[in-house]
Amino acid sequence: MAPSRSELLYREVPPDLAALVRLEGVDPDGAWLRTDTDLSLAGAYEQVFLLVFEDRLMTLGRPCERWPKPVRIHIPRGSIKEVRTRQGVGGGFLEALVDGVYVEVLSYSNARADLFHKAAAKLKAWVAGLTPAVTAEDDYNPRKCSKCGMTLEFKGDICRRCIDRGAVVSRVIRLIRPYAGWAVLMIAILLAVIGLQMVPPRLHKILVDQVLVPLLEEGGVSDAGTRELWLLYLVAALVGILVLRNVLNSLNGRLSSYVGTQITTDMRETVLARLTRLSVDYYDRHSVGQLISRAGYDTAVFNELVRNVAGGFLAQIIVVIVTGAMLFSISWKLALWTLLPAPLVILASTFYWRRVYPRYFRVWDAHSRLMNSLNSILSGIRVVKAFGQEKREETRYARSNRYVRDSARRVEYATSIFNPTMSMIFELGGPIVWFVGGRDVVHGEGLTLGGLMAFLAYLGMFYGPLAHMTQLTDWMTRFFTAAQRTFEIVDTVPQITESAEPKRLPQPQGAIRFENVTFGYNRHEPVVKGVSFEVRPGEHVGIVGKSGSGKTTLVNLLARFYDVDEGRVLIDGLDVQDVGMDDLRRTVGVVLQEPFLFRGTIYANITYGQREATAEEVLAASKAANAHKFIMRHPLGYDTYIGERGAGLSGGERQRISIARALLYDPRILVLDEATSNVDTESEQLIQEALARVTAGRTTIAIAHRLSTLKNSDRILVIDKGRIVEHGTHEQLLALGGLYHRLVKIQTELSREPSVDALALRKKRP
Amino acid sequence: MTAADPGTDAGQPSPTALRFLTPEICRIHLGTHEALHVTVKGERIYGGVYAAYAFPVAHPDEYIALIHTGGEEEVEIGIIRDLSEFPDADAALVRQALERRYFVHTITGIRRVGWKYGFVNMDVQTDKGPADILIPWRHDRAFDYGRRGKVLIDVEGNRYLIPDLEELPVRQREEFQRYIYW
């Protein structure tokens, strides 16, 4: 069965436009690719079609002043040498190379960028003489939500618009399930607390009506002694309720804290476990700050949820219902009167949370800007002074300071009106009750003085939670969003996954082969293009090239931080995608330009990948890495505690520790990615000596911009714009007179610092 | 080599020297399939050129770079210091090229702003017509444009510009700043 046609790359041309172009002798049905863009080449919204036939391409649009004919661009295939997309600002262009000039075929907004990257790939094949198939598979776009079509931030992301809220609730319930017993107990205590809260006003009523103002004809307590005894009982009951309520509240607070913090702790650990398993590409798309916020703060909403179940919103809802019932049970007529200010309470609270509260965001932002400004001035005070910019910085600071002042005033002016207004609304219920209820008491119309006092007490309990309940939707929105953000991480599937049947590399030899490898961090913009090369076991290969030429990408693919888009990377004849992750990590070791050391002792950092290493092995590795000497200069030697990212050590010292770490890890293939670029020449020499020892007998791939460090490599690959343009030994490449020769020449001319070679020579001199 | 120096190296502009393009040394015209061409006297004709602002906020009609995209590497032919110095026809071609490259909607009015599940949803009036836009609620999706403006980037990557927030009616500005408060 033939595959179904693409709906995006094989669209129907509208009948009116099709009829117009048929008059020009063009049959749109003959095109193998038909798609439309949303912009004209004038940069305005307009539906313009791209039609590609066997022998030509053309763009069609409805006739207008600028383009009076429906066919706007018509280019025969034979005159097109290349097709590409070019990014603009907010959109892009599909361009064709015609007569040595890239001409704009059409433009598109960013909404269509993915579509035209795909179309360009088809057109490239077409220019090469092929007629690529346009099938339904081309319509799949992992950056679009399959339900609503919304563009996702990255491929495979979860569509927030289509989040199944029910699913979030059921996941939250599943999360709480292990603590179900505790949750039931908390709710039971909560109900008991609310029940106890309702009792005192009732006791006040008895106290007033039957003890303090006894009405004999209504069955009140008559003699003073009995009244005193009742007084004692009732006061004792009030004290008992007070104590019991507080005990239960404390217990519930403790329980909610226990359960809430435990769930948050569990969730944080789950999130971190997922984060450490996610592939490197995930970190390309997410800033560390954003992830810290998710793992650190979003997870805290689960604690907040438990607290709300134990005594927050749930309690307020129940209190409003129960006190409402109490008010009606005492006097339905009076209760209706007291409901008069209730809509005002709800309206005012809604106004506050919608209009006033968001102003606090600006205040926080203003404070944050002020702190940043101060931090920038104080941290860079030497630069400020060196350039004589004190006045300018004072002005900038004053501007931030005024922003804080104005933001704070906006909030405080609003709250200074809002708070007294709310108090007034709350207090409005009192006079209403005193007047209407007071008249009933005076006229003896079904309400006693005690009843009136109980009513007033319940009224106080009624308005407060009502005001807070207006925040319920805000809180729920925040909760669902934060919970979903947390679940998003937990649900994210790593792009780099281990093969279902991983192959072992028990005794790796270290042979590497790249077979026609193409890869781009953005799939449509390859950084490495059809690269093929081999490295023999034990061979030392240097990779050189300009910044952005694709050097580091090659080693990223070797270590399988990313998967290739096309081609294969093999180690000892096995595709790295088939090799078990543990074996791969053990086989390929990487020493990075920026050695990352963790907070902890030097010993812990050296043994990071090899926890079971003995002290002797650590000493030997450090000696070989030229690190032992400086470590021993520290009073606590290997037990010296180093700060975050190796604070307290120089760049060269950090690098030598990382080399010792790699040496202890003992990988068969060692990748040195600009391992000596951030250190001074003297340190570089020490590191080079260490590396000579470390790399002996191992397959080594070294990337370096100081070309002198690679001159002893068995072979050097020269990369330019994602392709290997030259390869050979240092001498062969120099003799070739190509890019490598140019790079060496530039470095020799520009370098004013003494090179390692020069230093070595100087040392040899007597 | 000074700023006024043509700064050419074997028929190509030098990548390290600043060259200002003036009507005296260059002509801007259309060539093959209406591609923008620049002819530099005594140098060559550059076909397939695009224009880019150096200071789109501070100097929107000045310091416009003309860039040739012929090979794998782009070459800056030179910078137009002041577009008004050029003949109207040449200047119009550059402005059209800029309009094509900068596909930005300028927001002229805000009808409604809402927030849901991490997105700010705005119903706005733009120079290109009304639009209902969805913006991830993040600092990098709404950033400063000069001292008083904002650039918004929606979920599709489309750009929306508010050149000066102060020029919006107070109610619209307050509505906007409730969510985009930074």
# chains A, B, ... in the order shown; residues from 1 in each chain; ligands from 1

call {"tool": "interface_residues", "arguments": {"of": "chain B", "to": "chain A", "cutoff": "9 Å", "atoms": "only C-alpha atoms", "output": "NGL selection string"}}
result
:B and (32-36 or 46-49 or 69-70 or 72 or 96-97 or 99-104 or 116-119 or 128 or 153 or 155-160 or 175 or 177-179 or 181-182)

call {"tool": "select_by_dssp", "arguments": {"residues": "chain B", "states": "strand (DSSP E)", "output": "PyMOL selection string"}}
result
chain B and resi 8-9+12-13+20-21+26-30+36-40+44-47+49-53+62-68+75-82+104-116+119-126+129-136+142-145+149-153+159-162

call {"tool": "residues_around", "arguments": {"residues": "range 64-67 of chain B", "least_positions_apart": "2", "cutoff": "7 Å", "atoms": "only C-alpha atoms", "output": "number ranges by chain"}}
result
B: 49-54, 62, 69, 74-81

call {"tool": "select_by_dssp", "arguments": {"residues": "range 104-179 of chain B", "states": "helix (DSSP H, G or I)", "output": "JSON, numbers by chain"}}
result
{"B": [139, 140, 141, 165, 166, 167, 170, 171, 172, 173, 174, 175, 176, 177, 178, 179]}

call {"tool": "closest_residue", "arguments": {"among": "B:Thr126, B:Gln172, B:Thr106, B:Thr39", "to": "Lys150 in chain B", "atoms": "only C-alpha atoms"}}
result
B:Thr106

call {"tool": "residues_around", "arguments": {"residues": "range 109-113 of chain B", "least_positions_apart": "6", "cutoff": "6 Å", "atoms": "only C-alpha atoms", "output": "JSON, numbers by chain"}}
result
{"B": [121, 122, 123, 124, 125, 172]}

call {"tool": "write_last_selection", "arguments": {"atoms": "all heavy atoms", "output": "mmCIF file, in the first residue's frame"}}
result
data_model
loop_
_atom_site.group_PDB
_atom_site.id
_atom_site.type_symbol
_atom_site.label_atom_id
_atom_site.label_comp_id
_atom_site.auth_asym_id
_atom_site.auth_seq_id
_atom_site.Cartn_x
_atom_site.Cartn_y
_atom_site.Cartn_z
ATOM 1 N N ASN B 121 -1.980 35.211 28.177
ATOM 2 C CA ASN B 121 -2.771 35.245 26.953
ATOM 3 C C ASN B 121 -3.216 36.694 26.722
ATOM 4 O O ASN B 121 -3.810 37.295 27.615
ATOM 5 C CB ASN B 121 -3.971 34.310 27.137
ATOM 6 C CG ASN B 121 -4.810 34.214 25.871
ATOM 7 O OD1 ASN B 121 -5.977 33.937 25.927
ATOM 8 N ND2 ASN B 121 -4.202 34.460 24.723
ATOM 9 N N MET B 122 -2.883 37.249 25.553
ATOM 10 C CA MET B 122 -3.227 38.652 25.310
ATOM 11 C C MET B 122 -4.004 38.799 24.006
ATOM 12 O O MET B 122 -3.628 38.226 22.987
ATOM 13 C CB MET B 122 -1.951 39.499 25.212
ATOM 14 C CG MET B 122 -1.182 39.582 26.512
ATOM 15 S SD MET B 122 0.414 40.380 26.290
ATOM 16 C CE MET B 122 -0.090 41.998 25.857
ATOM 17 N N ASP B 123 -5.047 39.569 24.107
ATOM 18 C CA ASP B 123 -5.813 39.923 22.916
ATOM 19 C C ASP B 123 -5.376 41.347 22.566
ATOM 20 O O ASP B 123 -5.646 42.274 23.329
ATOM 21 C CB ASP B 123 -7.304 39.861 23.283
ATOM 22 C CG ASP B 123 -8.186 40.116 22.092
ATOM 23 O OD1 ASP B 123 -7.644 40.261 20.989
ATOM 24 O OD2 ASP B 123 -9.420 40.182 22.271
ATOM 25 N N VAL B 124 -4.656 41.485 21.459
ATOM 26 C CA VAL B 124 -4.041 42.786 21.173
ATOM 27 C C VAL B 124 -4.376 43.277 19.764
ATOM 28 O O VAL B 124 -4.770 42.492 18.895
ATOM 29 C CB VAL B 124 -2.498 42.721 21.319
ATOM 30 C CG1 VAL B 124 -2.090 42.458 22.744
ATOM 31 C CG2 VAL B 124 -1.901 41.680 20.387
ATOM 32 N N GLN B 125 -4.191 44.558 19.596
ATOM 33 C CA GLN B 125 -4.304 45.157 18.272
ATOM 34 C C GLN B 125 -2.873 45.462 17.826
ATOM 35 O O GLN B 125 -2.099 46.051 18.597
ATOM 36 C CB GLN B 125 -5.128 46.447 18.371
ATOM 37 C CG GLN B 125 -5.429 47.098 17.047
ATOM 38 C CD GLN B 125 -6.269 46.215 16.117
ATOM 39 O OE1 GLN B 125 -7.192 45.538 16.564
ATOM 40 N NE2 GLN B 125 -5.913 46.198 14.838
ATOM 41 N N GLN B 172 -4.728 50.011 30.119
ATOM 42 C CA GLN B 172 -4.080 48.936 29.353
ATOM 43 C C GLN B 172 -2.689 48.642 29.904
ATOM 44 O O GLN B 172 -2.272 47.490 30.012
ATOM 45 C CB GLN B 172 -3.969 49.344 27.889
ATOM 46 C CG GLN B 172 -5.310 49.434 27.190
ATOM 47 C CD GLN B 172 -5.166 49.755 25.715
ATOM 48 O OE1 GLN B 172 -4.116 49.559 25.125
ATOM 49 N NE2 GLN B 172 -6.236 50.251 25.122
#

call {"tool": "residues_around", "arguments": {"residues": "Ala325 in chain A", "least_positions_apart": "3", "cutoff": "12 Å", "atoms": "only C-alpha atoms", "output": "PDB file with N, CA, C and O atoms, in the first residue's frame"}}
result
ATOM      1  N   MET A 198     -17.343  25.892  67.332  1.00  0.00           N
ATOM      2  CA  MET A 198     -18.747  26.310  67.277  1.00  0.00           C
ATOM      3  C   MET A 198     -19.420  26.299  68.647  1.00  0.00           C
ATOM      4  O   MET A 198     -20.500  26.882  68.825  1.00  0.00           O
ATOM      5  N   ILE A 318     -15.262  24.790  55.403  1.00  0.00           N
ATOM      6  CA  ILE A 318     -16.153  24.149  56.389  1.00  0.00           C
ATOM      7  C   ILE A 318     -16.666  25.190  57.389  1.00  0.00           C
ATOM      8  O   ILE A 318     -17.851  25.202  57.732  1.00  0.00           O
ATOM      9  N   VAL A 319     -15.760  26.093  57.806  1.00  0.00           N
ATOM     10  CA  VAL A 319     -16.162  27.112  58.792  1.00  0.00           C
ATOM     11  C   VAL A 319     -17.269  28.002  58.219  1.00  0.00           C
ATOM     12  O   VAL A 319     -18.268  28.283  58.892  1.00  0.00           O
ATOM     13  N   VAL A 320     -17.125  28.406  56.963  1.00  0.00           N
ATOM     14  CA  VAL A 320     -18.158  29.251  56.348  1.00  0.00           C
ATOM     15  C   VAL A 320     -19.497  28.509  56.331  1.00  0.00           C
ATOM     16  O   VAL A 320     -20.547  29.070  56.685  1.00  0.00           O
ATOM     17  N   ILE A 321     -19.463  27.232  55.948  1.00  0.00           N
ATOM     18  CA  ILE A 321     -20.720  26.457  55.873  1.00  0.00           C
ATOM     19  C   ILE A 321     -21.330  26.291  57.265  1.00  0.00           C
ATOM     20  O   ILE A 321     -22.526  26.567  57.489  1.00  0.00           O
ATOM     21  N   VAL A 322     -20.488  25.886  58.227  1.00  0.00           N
ATOM     22  CA  VAL A 322     -21.025  25.589  59.566  1.00  0.00           C
ATOM     23  C   VAL A 322     -21.504  26.870  60.268  1.00  0.00           C
ATOM     24  O   VAL A 322     -22.608  26.895  60.839  1.00  0.00           O
ATOM     25  N   PHE A 328     -28.160  30.872  60.726  1.00  0.00           N
ATOM     26  CA  PHE A 328     -29.556  30.641  60.339  1.00  0.00           C
ATOM     27  C   PHE A 328     -30.326  29.934  61.453  1.00  0.00           C
ATOM     28  O   PHE A 328     -31.524  30.173  61.644  1.00  0.00           O
ATOM     29  N   SER A 329     -29.627  29.045  62.200  1.00  0.00           N
ATOM     30  CA  SER A 329     -30.341  28.308  63.264  1.00  0.00           C
ATOM     31  C   SER A 329     -30.732  29.263  64.409  1.00  0.00           C
ATOM     32  O   SER A 329     -31.748  29.070  65.056  1.00  0.00           O
ATOM     33  N   ILE A 330     -29.929  30.306  64.621  1.00  0.00           N
ATOM     34  CA  ILE A 330     -30.265  31.245  65.708  1.00  0.00           C
ATOM     35  C   ILE A 330     -31.390  32.178  65.264  1.00  0.00           C
ATOM     36  O   ILE A 330     -32.373  32.364  65.979  1.00  0.00           O
ATOM     37  N   SER A 331     -31.243  32.764  64.082  1.00  0.00           N
ATOM     38  CA  SER A 331     -32.304  33.642  63.580  1.00  0.00           C
ATOM     39  C   SER A 331     -32.151  33.770  62.068  1.00  0.00           C
ATOM     40  O   SER A 331     -31.231  34.437  61.578  1.00  0.00           O
ATOM     41  N   TRP A 332     -33.018  33.116  61.333  1.00  0.00           N
ATOM     42  CA  TRP A 332     -32.891  33.130  59.865  1.00  0.00           C
ATOM     43  C   TRP A 332     -33.060  34.543  59.317  1.00  0.00           C
ATOM     44  O   TRP A 332     -32.421  34.929  58.354  1.00  0.00           O
ATOM     45  N   ALA A 335     -29.952  36.402  59.959  1.00  0.00           N
ATOM     46  CA  ALA A 335     -28.896  35.829  59.090  1.00  0.00           C
ATOM     47  C   ALA A 335     -28.986  36.418  57.686  1.00  0.00           C
ATOM     48  O   ALA A 335     -27.962  36.732  57.063  1.00  0.00           O
ATOM     49  N   LEU A 336     -30.215  36.572  57.182  1.00  0.00           N
ATOM     50  CA  LEU A 336     -30.378  37.151  55.841  1.00  0.00           C
ATOM     51  C   LEU A 336     -29.856  38.586  55.806  1.00  0.00           C
ATOM     52  O   LEU A 336     -29.213  39.003  54.850  1.00  0.00           O
ATOM     53  N   PHE A 455     -24.916  35.116  68.137  1.00  0.00           N
ATOM     54  CA  PHE A 455     -24.984  35.476  66.718  1.00  0.00           C
ATOM     55  C   PHE A 455     -23.782  36.342  66.313  1.00  0.00           C
ATOM     56  O   PHE A 455     -23.144  36.110  65.287  1.00  0.00           O
ATOM     57  N   TYR A 458     -20.643  34.252  66.031  1.00  0.00           N
ATOM     58  CA  TYR A 458     -20.589  33.467  64.788  1.00  0.00           C
ATOM     59  C   TYR A 458     -20.317  34.361  63.581  1.00  0.00           C
ATOM     60  O   TYR A 458     -19.640  33.976  62.640  1.00  0.00           O
ATOM     61  N   LEU A 459     -20.867  35.587  63.662  1.00  0.00           N
ATOM     62  CA  LEU A 459     -20.670  36.526  62.557  1.00  0.00           C
ATOM     63  C   LEU A 459     -19.179  36.828  62.355  1.00  0.00           C
ATOM     64  O   LEU A 459     -18.685  36.905  61.232  1.00  0.00           O
ATOM     65  N   PHE A 462     -17.616  34.200  60.456  1.00  0.00           N
ATOM     66  CA  PHE A 462     -18.148  33.994  59.108  1.00  0.00           C
ATOM     67  C   PHE A 462     -17.418  34.829  58.050  1.00  0.00           C
ATOM     68  O   PHE A 462     -17.042  34.321  56.996  1.00  0.00           O
TER      69      PHE A 462
END

call {"tool": "residues_around", "arguments": {"residues": "range 426-438 of chain A", "least_positions_apart": "4", "cutoff": "12 Å", "atoms": "only C-alpha atoms", "output": "number ranges by chain"}}
result
A: 327, 330-346, 348-349, 419-422, 442-467

call {"tool": "residues_around", "arguments": {"residues": "range 598-603 of chain A", "least_positions_apart": "5", "cutoff": "12 Å", "atoms": "only C-alpha atoms", "output": "ChimeraX atom specification"}}
result
/A:608-619,621-622,627-628,630-632,634,636-649,653-654,656-658,660-661,664

call {"tool": "atom_distance", "arguments": {"atom1": "CA of Arg668 in chain A", "atom2": "CA of Thr587 in chain A"}}
result
5.1 Å

call {"tool": "closest_residue", "arguments": {"among": "A:Gly652, A:Pro201, A:Gly737, A:Gly380", "to": "Gln593 in chain A", "atoms": "only C-alpha atoms"}}
result
A:Gly652

call {"tool": "closest_residue", "arguments": {"among": "A:Leu554, A:Ala500, A:Ile746, A:Cys159", "to": "Glu515 in chain A", "atoms": "only C-alpha atoms"}}
result
A:Leu554
